[in-house]
Amino acid sequence: MAKRVGMEVSIAIAEAARQANVDVVSAYPITPQTHIVEHLASLVADGELDAEYITVESEHTAMSACVGAAAAGARVFTSTSSQGLALMHEILYLAPSLRTPVVMALANRALSGPISIWNDHSDVMGQRDTGWISIFANNGQEAYDLTLMAFKIGEHPDVLLPVMVNFDGFILTHVIEPLYMFEDEELEGYLPPFEYKYKLDTDNPMTLGPVGLPDVYTEAKKQQDVAIRNSRKVIDEVLKEFGENFGRKYNPIEHYKSDDADIILLTQGSVTEAAEVAVDALREQGKKVGIVELRLWRPFPFQDLIDALVNAKCVVVLDRCISFGGQAGPVLSEVRSALYHEPKRPMVVGCVAGLGGRDISLENYIEMFEIGENFLKTGKEPEIVKIVGLRE
Amino acid sequence: MSAEVKRPIESALNVFAYRLVEKEEFFTRGHRACQGCAAALGLRHIFKAVDKDTIVINATGCMEIVSSPYPFTSWALPWLHVAFENAAAVASGVEAAVKALQRKGRLDPSKKIKVIALGGDGGTADIGLQALSGALIRRHNFTYICYDNEAYMNTGVQGSSATPLGASTTTTPAGKVSFGQGYWKKNLAEIAVAHKADYVATACPSYPLDLIRKVKRATEIEGPAYIHMFAVCPTGWGTDPAYSVRLGRLAAETGVFPLYEVDHGKYRLSLDLPQGLRPVTDYLKGQRRFRHLPQEVIDEFQEMVTREYERLKKMERLTQEL
Ligand SMILES: Cc1ncc(C[n+]2csc(CCOP(=O)(O)OP(=O)(O)O)c2C)c(N)n1
């Protein structure tokens with residue numbers, strides 16, 4: 001049976017990659033992701049993981065090598081954060097368009113400038129439209145479990161897309177958490193070796209990555225969009241099967257006391273658990289508040305989100321990233337527009353908090369619910385970008 | 001030239017003798033390269049040096065564009081194009097995957113799979129130099145081949161750091177106060193040597209048997225290899241397409257593009273030139289990109305070429321004992 005152990009979350013994520021028996025790891029150091037790839041390097045050095053570990057000279061190369069290795073039929077893993085992800089940007093588009101199921105553990109971190117090694121979600125949000133399946137963990141256990149599931153989802157013959165698992169830098173990566181780690185035997189058969197139908201095969205040569213002239217480019221992009229939308233079916237299956245086999249249930253949208261809530265705070269990542277404390281405190285005062293967590297970011301779970309939100313009076317969307325000169329943040333604009341066509345829809349208001357490692361206190365979460373209350377009362381939006389926890 | 005050094009017989013044969021090469025074509029007809037494109041001619045020869053167990057990674061550039069307009073392909077080998085600056089990086093991943101999968105028995109370990117990365121001079125000397133450096137120093141078992149047409153041709157003849165001194169390109173135009181490219185060509189072969197690549201060679205499609213021999217050697221050794229192939233570009237250089245093979249030979253005979261190889265550190269010039277080098281003007285004349293050159297730039301050009309050739313001869317002597 002799975003053992004409950006105290007383990008640094010980064011190590012657990014690396015162990016998930018080992019248990020997935022990855023063939024190629026290609027990664028570059030960056031805080032706060034580094035412990036993951038250091039641990040993998042030592043697993044390879046000790047012969048505990050039979051993989052090629054490529055010590056690349058940049059993240060651009062890390063992603064390029066991942067795409068090449070996956071195209072050659074290998075199970076591949078990488079991990080990065082922040083500037084590293086931004087440097088990969090160009091090649092992030094290639095992994096889904098070439099249908100190479102790379103798995104990436106993304107320790108979310110702020111983007112420069114000013115340079116900051118601390119947590120927010122600017123890095124992942126900047127890559128929203130690259131075509132990756134993108135999913136959030138809110139604690140170490142989830143990061144470990146979702147890393148394992150990411151291989152299962154991405155490599156499924158009906159999916160063949162790259163998957164990034166998001167977890168908050170430092171807040172999760174550097175924390176020692178009690179975790180249920182699988183014994184290797186328990187995972188027997190869970191991830192059989194990757195068999196890639198479209199690999200670079202000298203017995204069946206194929207041309208991969210050809211020029212797309214205007215007569216085919218649009219159709220190629222349409223196929224890619226269909227592929228990621230269809231991946232939802234497999235994602236649901238994998239989450240469900242994991243719950244049935246191992247007892248830990250995951251959903252594209254998670255709820256906390258939101259069923260009868262008038263005001264819902266919408267979260268992603270580790271803030272979810274912290275905000276639950278505020279919900280409990282406010283519930284004690286008789287306030288009908290709750291949380292909806294947007295776990296699956298891409299493909300966007302439109303219907304689940306609508307179902308989870310339509311009965312509320314107001315939704316307060318917490319963005320961990322600013323959309324300069326636009327709506328407060330990308331999550332706000334996505335959530336708002338997802339609800340736009342609903343005949344009965346809650347009011348939606350946004351706030352930004354926790355940028356570059358700024359702590360979000362209990363009072364801050366309570367303030368977020370108050371923003372919702374005031375909005376309901378006055379019908380007036382606060383300033384366009386309300387930053388909670390800003391030093392005035 | 002030192003008499004002790006034995007020159008390869010293939011190098012002396014500067015004709016294409018089809019009886020002497022493999023008939024099978026892996027870079028096949030139907031591609032859309034310009035008339036007289038020496039890079040495309042070179043690719044045809046390059047892939048006569050290998051068997052079907054070869055994987056090609058192609059950087060963005062002319063050769064990628066002309067050979068893969070979907071749904072057509074000129075490639076009878078597994079071929080992958082990802083982006084412009086990362087052919088060496090993608091090849092690193094492919095090579096690592098092949099190694100891991102063969103070790104784990106998921107890919108037939110008895111197959112000797114050759115990984116060849118192709119890039120233009122811009123994709124190699126400029127934007128892809130870091131990826132190339134990484135792949136060479138990590139000692140992946142692969143061969144990187146740069147086809148050097150001395151500018152960014154695919155985007156319309158812009159200057160690269162492999163554009164030679166004085167050449168007029170669309171971003172280094174000759175004008176009233178400029179004589180074109182203001183600095184000397186980056187020496188990529190020597191950069192590869194500095195990485196201790198096991199095998200480094202320069203080659204030219206005008207010497208097809210020499211080119212094929214060098215690719216064979218590069219792909220047969222275990223370890224990183226680098227080949228720098230001269231590629232006359234009539235469209236970009238303003239030369240007669242019928243003149244490409246001849247011009248390639250003139251580049252070698254004038255020493256503008258010296259043919260040599262460095263096998264595990266040991267230098268060897270490929271050609272015997274008992275009469276010495278021809279003057280560079282034999283090569284420069286007839287090229288639109290050079291026709292504006294003032295005498296003092298031609299003199300500087302000649303001096304650079306002579307000096308480099310003398311250096312190579314010295315390197316050959318110096319490294320004979322290796
Ligand atoms: C990151 C990036 N920058 C620029 C380009 C545009 N681009 C495509 S091909 C090319 C020129 C390639 O030149 P070279 O490598 O010398 O090959 P050639 O075209 O001469 O075959 C350029 C600049 C690109 N595709 N990607």
# chains A, B, ... in the order shown; residues from 1 in each chain; ligands from 1
>>> residues_near_ligand(ligand="ligand 1", cutoff="6 Å", atoms="only C-alpha atoms and all ligand atoms", output="MDAnalysis selection string")
chainID B and resid 60:63 84 119:123 149 151:155
>>> write_last_selection(atoms="N, CA and C atoms", output="CSV table (one decimal), in the first residue's frame")
chain,number,residue,atom,x,y,z
B,60,THR,N,14.8,25.5,-40.0
B,60,THR,CA,14.1,26.4,-41.0
B,60,THR,C,15.1,27.0,-41.9
B,61,GLY,N,14.7,27.2,-43.1
B,61,GLY,CA,15.6,27.7,-44.1
B,61,GLY,C,15.3,27.2,-45.5
B,62,CYS,N,16.1,27.6,-46.5
B,62,CYS,CA,15.7,27.2,-47.8
B,62,CYS,C,15.5,25.7,-48.0
B,63,MET,N,16.4,24.9,-47.5
B,63,MET,CA,16.3,23.4,-47.7
B,63,MET,C,15.1,22.8,-47.1
B,84,PHE,N,13.9,27.3,-36.3
B,84,PHE,CA,15.1,27.8,-37.1
B,84,PHE,C,16.4,27.5,-36.4
B,119,GLY,N,21.4,22.7,-41.2
B,119,GLY,CA,21.0,24.1,-41.0
B,119,GLY,C,21.8,24.9,-42.0
B,120,GLY,N,21.2,26.1,-42.3
B,120,GLY,CA,21.9,27.0,-43.2
B,120,GLY,C,23.0,27.8,-42.3
B,121,ASP,N,23.7,28.7,-43.0
B,121,ASP,CA,24.7,29.4,-42.2
B,121,ASP,C,24.1,30.3,-41.2
B,122,GLY,N,23.0,30.9,-41.5
B,122,GLY,CA,22.3,31.8,-40.5
B,122,GLY,C,21.9,30.9,-39.3
B,123,GLY,N,21.2,29.8,-39.6
B,123,GLY,CA,20.7,28.9,-38.6
B,123,GLY,C,21.8,28.3,-37.8
B,149,ASN,N,25.4,29.0,-47.7
B,149,ASN,CA,25.3,29.8,-48.9
B,149,ASN,C,25.5,31.3,-48.5
B,151,ALA,N,24.5,33.6,-46.6
B,151,ALA,CA,23.6,34.7,-46.2
B,151,ALA,C,22.2,34.0,-45.8
B,152,TYR,N,21.3,34.8,-45.3
B,152,TYR,CA,20.0,34.3,-45.0
B,152,TYR,C,19.2,34.3,-46.3
B,153,MET,N,19.2,33.2,-47.0
B,153,MET,CA,18.7,33.2,-48.4
B,153,MET,C,17.1,33.1,-48.4
B,154,ASN,N,16.6,32.3,-47.5
B,154,ASN,CA,15.2,32.0,-47.5
B,154,ASN,C,14.4,33.3,-47.3
B,155,THR,N,14.9,34.2,-46.5
B,155,THR,CA,14.2,35.5,-46.3
B,155,THR,C,14.7,36.6,-47.2
>>> residues_around(residues="Lys99 in chain B", least_positions_apart="3", cutoff="12 Å", atoms="only C-alpha atoms", output="PyMOL selection string")
(chain A and resi 23-24+50-54+69+72-74) or (chain B and resi 92-96+102-115+140-142)
>>> interface_residues(of="chain A", to="chain B", cutoff="10 Å", atoms="only C-alpha atoms", output="PyMOL selection string")
chain A and resi 22-26+50-58+60-76+90-91+93-95+97-98+193-195+199-213+215-217
>>> select_by_dssp(residues="range 82-329 of chain A", states="helix (DSSP H, G or I)", output="MDAnalysis selection string")
chainID A and resid 82:92 94:97 122:126 128:130 140:154 184:187 214:246 271:284 302:309
>>> residues_around(residues="Asp184 in chain A", least_positions_apart="2", cutoff="10 Å", atoms="only C-alpha atoms", output="PyMOL selection string")
chain A and resi 1-2+16+18-20+181-182+186-188
>>> atom_distance(atom1="CA of Val256 in chain B", atom2="CA of Leu43 in chain B")
21.6 Å
>>> atom_distance(atom1="CA of Ala143 in chain A", atom2="CA of Ala105 in chain A")
8.5 Å
>>> residues_around(residues="range 303-311 of chain A", least_positions_apart="5", cutoff="9 Å", atoms="only C-alpha atoms", output="list in words")
Pro252, Ile253, Glu254, His255, Ser258, Asp259, Asp260, Ala261, Asp262, Ile264, Val292, Leu294, Val335, Ala338, Leu339, Glu342, Lys344, Arg345 and Pro346 of chain A
>>> atom_distance(atom1="CA of Thr147 in chain A", atom2="CA of Asn119 in chain A")
19.5 Å
>>> select_by_dssp(residues="range 43-201 of chain A", states="strand (DSSP E or B)", output="MDAnalysis selection string")
chainID A and resid 52:55 76:80 103:108 133:136 163:168 176:181
>>> residues_around(residues="Tyr199 in chain B", least_positions_apart="4", cutoff="7 Å", atoms="only C-alpha atoms", output="CSV table (one decimal) with all heavy atoms, in the first residue's frame")
chain,number,residue,atom,x,y,z
B,218,ALA,N,31.9,11.0,-41.0
B,218,ALA,CA,31.3,11.7,-39.9
B,218,ALA,C,30.2,10.8,-39.3
B,218,ALA,O,30.1,10.8,-38.1
B,218,ALA,CB,30.7,13.0,-40.5
B,225,ALA,N,30.1,15.1,-34.9
B,225,ALA,CA,30.8,15.4,-36.1
B,225,ALA,C,30.2,16.7,-36.7
B,225,ALA,O,29.0,16.9,-36.5
B,225,ALA,CB,30.8,14.3,-37.1
B,226,TYR,N,31.0,17.5,-37.3
B,226,TYR,CA,30.5,18.7,-37.9
B,226,TYR,C,31.1,18.8,-39.4
B,226,TYR,O,32.3,18.7,-39.6
B,226,TYR,CB,31.0,19.9,-37.1
B,226,TYR,CG,30.6,21.2,-37.7
B,226,TYR,CD1,29.3,21.7,-37.5
B,226,TYR,CD2,31.4,21.9,-38.6
B,226,TYR,CE1,28.9,22.9,-38.1
B,226,TYR,CE2,31.0,23.1,-39.1
B,226,TYR,CZ,29.7,23.6,-38.9
B,226,TYR,OH,29.3,24.8,-39.5
B,262,VAL,N,39.4,17.5,-40.1
B,262,VAL,CA,40.1,17.4,-38.8
B,262,VAL,C,39.6,16.2,-38.1
B,262,VAL,O,38.5,16.2,-37.6
B,262,VAL,CB,39.9,18.7,-37.9
B,262,VAL,CG1,40.8,18.6,-36.7
B,262,VAL,CG2,40.2,20.0,-38.7
B,263,ASP,N,40.3,15.1,-38.2
B,263,ASP,CA,39.8,13.8,-37.7
B,263,ASP,C,40.5,13.6,-36.3
B,263,ASP,O,41.7,13.4,-36.3
B,263,ASP,CB,40.2,12.7,-38.7
B,263,ASP,CG,39.4,11.5,-38.5
B,263,ASP,OD1,39.0,11.2,-37.3
B,263,ASP,OD2,39.2,10.7,-39.5
B,264,HIS,N,39.7,13.7,-35.3
B,264,HIS,CA,40.2,13.5,-33.9
B,264,HIS,C,41.4,14.5,-33.7
B,264,HIS,O,42.5,14.1,-33.2
B,264,HIS,CB,40.6,12.1,-33.6
B,264,HIS,CG,39.3,11.2,-33.5
B,264,HIS,ND1,38.8,10.6,-34.6
B,264,HIS,CD2,38.5,10.9,-32.5
B,264,HIS,CE1,37.7,10.0,-34.3
B,264,HIS,NE2,37.5,10.1,-33.0
>>> residues_around(residues="Ser160 in chain B", least_positions_apart="2", cutoff="12 Å", atoms="only C-alpha atoms", output="VMD selection string")
chain B and resid 120 to 128 148 to 153 155 to 158 162 to 165 167 to 172 181 to 186
